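Here the structure comes first, spelled out in structure tokens, and everything after it is commentary.
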Amino acid sequence: MISDVAFQLVPTDGGNNVLGTLMNLIIFGMIFASFFFGQQIQSRIAILQLDGAVRKLEFIKSDAKALALRTIREIGKPKDDPSPALSGLLEQFFISPVDMDPAGVVGKLDHLLDVRDLKFKADVKKIAPEATDSQVNNLENLVEASWALNLLYKVVRHFYLLGKKTSSFYVILQLQMLLPMIMQEAEAYAGAAKAFALGQPVGDGAGALVASRLMRSHEKREVDKDVMVAETAIDGRRVLALKAKGPGGNVGKPGDAIRTLIEENAGKVSMVVMVDAALKFEGEKTGEVTEGIGAAIGGPGTERFKIEAEATKYKIPVYAVIVKQSIQEAITPMKKEIAEAANGVIERIKTLIHENTREGDLVIVAGIGNTVGIAQ
Amino acid sequence: MEAKRSSMYSYLMVIFSIIILGWAVWAMYNAFNFQAQGNMDSFYFYAAASSIAIVLAVSSILQMRRRILLLQSLAIKVLSVILCANCGFKVVRAFTEGDFVYKDVGNCQQCNGTMRIDSIYAEEPPKRGRA
């Protein structure tokens with residue numbers, strides 16, 4: 001009698017209640033299933049979730065490609081169908097130089113990056129023959145955003161299929177854990193594609209915006225490939241403000257430009273101030289301005305290397321002023337808080353210059369970042 | 001247009017889920033009534049159906065809430081701020097293709113000076129409820 005009651009989670013009235021018996025069976029079945037097949041059930045649920053994410057990524061990727069095609073057709077007016085050439089561009093890859101013997105690896109990487117940029121630009125120009133230089137830059141950035149989405153989709157699909165094929169709980173689990181961040185990144189790239197298609201400034205352009213404000217109504221010249229410089233004055237100091245050539249999507253080569261400017265002035269530069277967008281921690285405020293020491297510039301590190309080498313050669317102090325933002329905000333249309341931070345950055349630069357240099361000194365202010373939608 | 005259709009679908013789903021939730025609460029109430037009357041068959045049926053409906057409706061509402069929040073965050077407006085270099089007259093309008101910072105966009109209505117785009121930024125729709 002006791003054992004009969006012990007196995008009844010739901011009263012069955014001595015077996016007369018069919019529904020009660022059925023519910024008992026279901027509940028015990030579920031307990032056994034979760035006990036022996038818990039991991040497999042969890043895997044199946046994760047696979048279902050990943051399947052949805054892969055489909056969503058495929059949709060985002062196809063949407064970005066369609067946007068790129070539409071923009072190329074509208075702006076570039078190609079005579080032939082640009083889709084095969086665009087598909088080829090989206091499958092391009094880059095092989096980093098060997099770093100087993102690290103001596104000279106920066107030069108090799110810089111050279112390969114130059115080759116890649118030139119080839120990418122030439123390929124975009126070929127499929128959009130009517131586009132102006134500025135539009136080619138925007139199209140190049142748009143194609144790069146589509147390329148990134150294509151790669152993201154392929155990587156996620158690879159691990160999803162691998163996990164499914166091998167039924168490896170841990171492969172599936174790792175992908176599932178990273179999924180929220182991957183989806184955030186994909187949505188940010190989709191936003192970036194739209195911004196580049198329309199030529200809207202992005203959060204990463206905070207440094208370029210600051211430099212453009214300093215350069216406004218001063219004579220400009222191209223100091224190096226795709227980098228513009230203008231001379232202005234702050235507090236009796238000569239200030240050389242530089243940024244990538246806009247308003248097309250462009251980051252230029254600020255490392256080369258700073259090196260040229262220092263060499264042009266025989267190393268007599270009192271300080272270099274670099275302004276850039278920087279990643280914030282969760283919980284930090286977007287558009288917050290902070291300062292520090294060192295070369296504030298992202299990317300593969302070649303430009304930073306050049307700036308650090310040149311500054312060390314002439315013992316020039318390098319200061320950094322950054323505008324905080326998330327990775328999503330950096331590549332999507334510039335938020336109001338970031339645009340409004342530009343004036344705060346200029347005030348910081350003025351204070352830095354006032355406190356660390358004397359009248360008549362020469363200061364370089366470099367506005368780093370993508371200058372899409374920002375002229376000089 | 002697509003975003004509008006998508007948010008319409010989300011709101012319809014929320015309404016449907018609320019109806020299901022309402023039915024589930026009614027079914028649970030009935031289930032307890034049947035239990036009090038000693039009608040255990042009906043009690044089990046209504047209790048099980050109501051529990052399943054509550055779980056489905058709540059999960060659907062939560063999912064749709066996330067979707068609506070995402071759609072709201074995507075509905076950002078990009079604005080161009082145009083300033084007169086002469087008198088500081090300011091105009092804020094929606095971004096149009098071809099706009100860029102420091103582009104000349106005609107003459108000032110006040111002083112006939114040059115109007116120039118001073119900044120372009122994205123503004124999020126105002127947040128409702130808790131910040």
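Residues in the structure tokens are named by chain (A, B, ... in the order shown) and by number from 1 within that chain; ligands are numbered from 1 in the order shown.
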Extract, using only C-alpha atoms, all DNA, RNA and protein residues at most 10 Å from Lys90 (chain B), discarding same-chain residues fewer than 5 positions from it, and format them as number ranges by chain. B: 81-85, 108, 115-118
Write the residues of the selection above to a file with C-alpha atoms, as an mmCIF file, in the first residue's frame.
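Now in result.cif:
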```
data_model
loop_
_atom_site.group_PDB
_atom_site.id
_atom_site.type_symbol
_atom_site.label_atom_id
_atom_site.label_comp_id
_atom_site.auth_asym_id
_atom_site.auth_seq_id
_atom_site.Cartn_x
_atom_site.Cartn_y
_atom_site.Cartn_z
ATOM 1 C CA VAL B 81 22.265 70.086 -38.027
ATOM 2 C CA ILE B 82 22.699 73.061 -40.348
ATOM 3 C CA LEU B 83 24.269 76.271 -39.049
ATOM 4 C CA CYS B 84 24.737 79.686 -40.577
ATOM 5 C CA ALA B 85 28.430 80.613 -40.408
ATOM 6 C CA CYS B 108 20.626 81.628 -44.601
ATOM 7 C CA MET B 115 24.454 77.582 -44.378
ATOM 8 C CA ARG B 116 26.681 74.602 -43.650
ATOM 9 C CA ILE B 117 26.046 71.165 -42.133
ATOM 10 C CA ASP B 118 27.694 71.358 -38.716
#
```
Counting only C-alpha atoms, which residues of chain B sit at most 9 Å from some atom of chain A, and what is each one's closest atom pair with its distance in Å to one decimal, listed by chain and rising residue number, as CSV?
```
residue,atom,partner,partner_atom,distance
B:Met40,CA,A:Asn17,CA,8.0
B:Asp41,CA,A:Leu19,CA,6.3
B:Tyr44,CA,A:Leu19,CA,7.0
B:Phe45,CA,A:Leu19,CA,7.8
B:Leu74,CA,A:Gly191,CA,8.7
B:Val78,CA,A:Pro333,CA,7.4
B:Phe95,CA,A:Gln200,CA,8.3
B:Thr96,CA,A:Leu198,CA,8.2
B:Glu97,CA,A:Leu198,CA,5.6
B:Gly98,CA,A:Gly199,CA,6.9
B:Asp99,CA,A:Gly373,CA,7.2
B:Phe100,CA,A:Gly373,CA,4.4
B:Val101,CA,A:Ile374,CA,4.7
B:Tyr102,CA,A:Ala375,CA,6.0
B:Lys103,CA,A:Ala375,CA,7.6
B:Ser119,CA,A:Ala339,CA,7.0
B:Ile120,CA,A:Pro201,CA,6.8
B:Tyr121,CA,A:Met334,CA,5.1
B:Ala122,CA,A:Lys335,CA,4.7
B:Glu123,CA,A:Lys336,CA,6.0
B:Glu124,CA,A:Lys335,CA,8.2
```
Glu231 (chain A): which residues within 8 Å, counting only C-alpha atoms, same-chain residues fewer than 5 positions away excluded, as a PyMOL selection string? chain A and resi 215+218-220+238-241
So, with only C-alpha atoms as the atoms that count, which of B:Leu71, B:Cys111, B:Leu21, B:Ala31 lies closest to Pro125 (chain B)? B:Leu71
Strand (DSSP E or B) residues, from DSSP on the backbone, in region 53-297 of chain A, as a PyMOL selection string: chain A and resi 202+220-224+227-234+237-244+271-279+289-293
Store the residues picked out above, limited to C-alpha atoms, as a PDB file, in the first residue's frame.
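Generated file (selection-v8.pdb):
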```
ATOM      1  CA  VAL A 202      29.715  56.577 -37.737  1.00  0.00           C
ATOM      2  CA  LYS A 220      44.493  72.110 -46.159  1.00  0.00           C
ATOM      3  CA  ARG A 221      46.970  69.921 -47.990  1.00  0.00           C
ATOM      4  CA  GLU A 222      47.366  66.189 -48.509  1.00  0.00           C
ATOM      5  CA  VAL A 223      50.335  65.272 -46.333  1.00  0.00           C
ATOM      6  CA  ASP A 224      50.359  61.573 -47.200  1.00  0.00           C
ATOM      7  CA  VAL A 227      45.476  62.113 -45.022  1.00  0.00           C
ATOM      8  CA  MET A 228      44.767  65.856 -44.919  1.00  0.00           C
ATOM      9  CA  VAL A 229      46.493  68.371 -42.662  1.00  0.00           C
ATOM     10  CA  ALA A 230      45.841  72.019 -41.800  1.00  0.00           C
ATOM     11  CA  GLU A 231      47.792  74.434 -39.635  1.00  0.00           C
ATOM     12  CA  THR A 232      45.947  76.319 -36.949  1.00  0.00           C
ATOM     13  CA  ALA A 233      46.864  78.015 -33.672  1.00  0.00           C
ATOM     14  CA  ILE A 234      45.832  77.325 -30.089  1.00  0.00           C
ATOM     15  CA  ARG A 237      51.125  77.307 -30.275  1.00  0.00           C
ATOM     16  CA  ARG A 238      51.270  76.096 -33.885  1.00  0.00           C
ATOM     17  CA  VAL A 239      48.939  73.142 -34.246  1.00  0.00           C
ATOM     18  CA  LEU A 240      48.985  70.733 -37.180  1.00  0.00           C
ATOM     19  CA  ALA A 241      45.595  69.023 -37.243  1.00  0.00           C
ATOM     20  CA  LEU A 242      45.229  65.953 -39.441  1.00  0.00           C
ATOM     21  CA  LYS A 243      42.537  63.489 -40.408  1.00  0.00           C
ATOM     22  CA  ALA A 244      41.727  61.018 -43.163  1.00  0.00           C
ATOM     23  CA  MET A 271      53.776  66.846 -28.434  1.00  0.00           C
ATOM     24  CA  VAL A 272      51.442  64.606 -30.391  1.00  0.00           C
ATOM     25  CA  VAL A 273      47.808  64.395 -29.306  1.00  0.00           C
ATOM     26  CA  MET A 274      45.786  61.548 -30.752  1.00  0.00           C
ATOM     27  CA  VAL A 275      41.993  61.603 -30.663  1.00  0.00           C
ATOM     28  CA  ASP A 276      40.099  58.393 -31.280  1.00  0.00           C
ATOM     29  CA  ALA A 277      36.970  56.451 -30.438  1.00  0.00           C
ATOM     30  CA  ALA A 278      37.626  53.780 -27.814  1.00  0.00           C
ATOM     31  CA  LEU A 279      35.641  50.838 -26.555  1.00  0.00           C
ATOM     32  CA  VAL A 289      35.855  61.800 -22.798  1.00  0.00           C
ATOM     33  CA  THR A 290      39.011  60.647 -21.041  1.00  0.00           C
ATOM     34  CA  GLU A 291      42.701  61.149 -21.620  1.00  0.00           C
ATOM     35  CA  GLY A 292      45.784  59.026 -21.298  1.00  0.00           C
ATOM     36  CA  ILE A 293      49.254  58.401 -22.608  1.00  0.00           C
TER      37      ILE A 293
END
```
My list of candidates is B:Ser60, B:Gln35, B:Ser80, B:Gln110. Which is closest to Ile18 (chain B) when distances are computed with only C-alpha atoms? B:Ser60
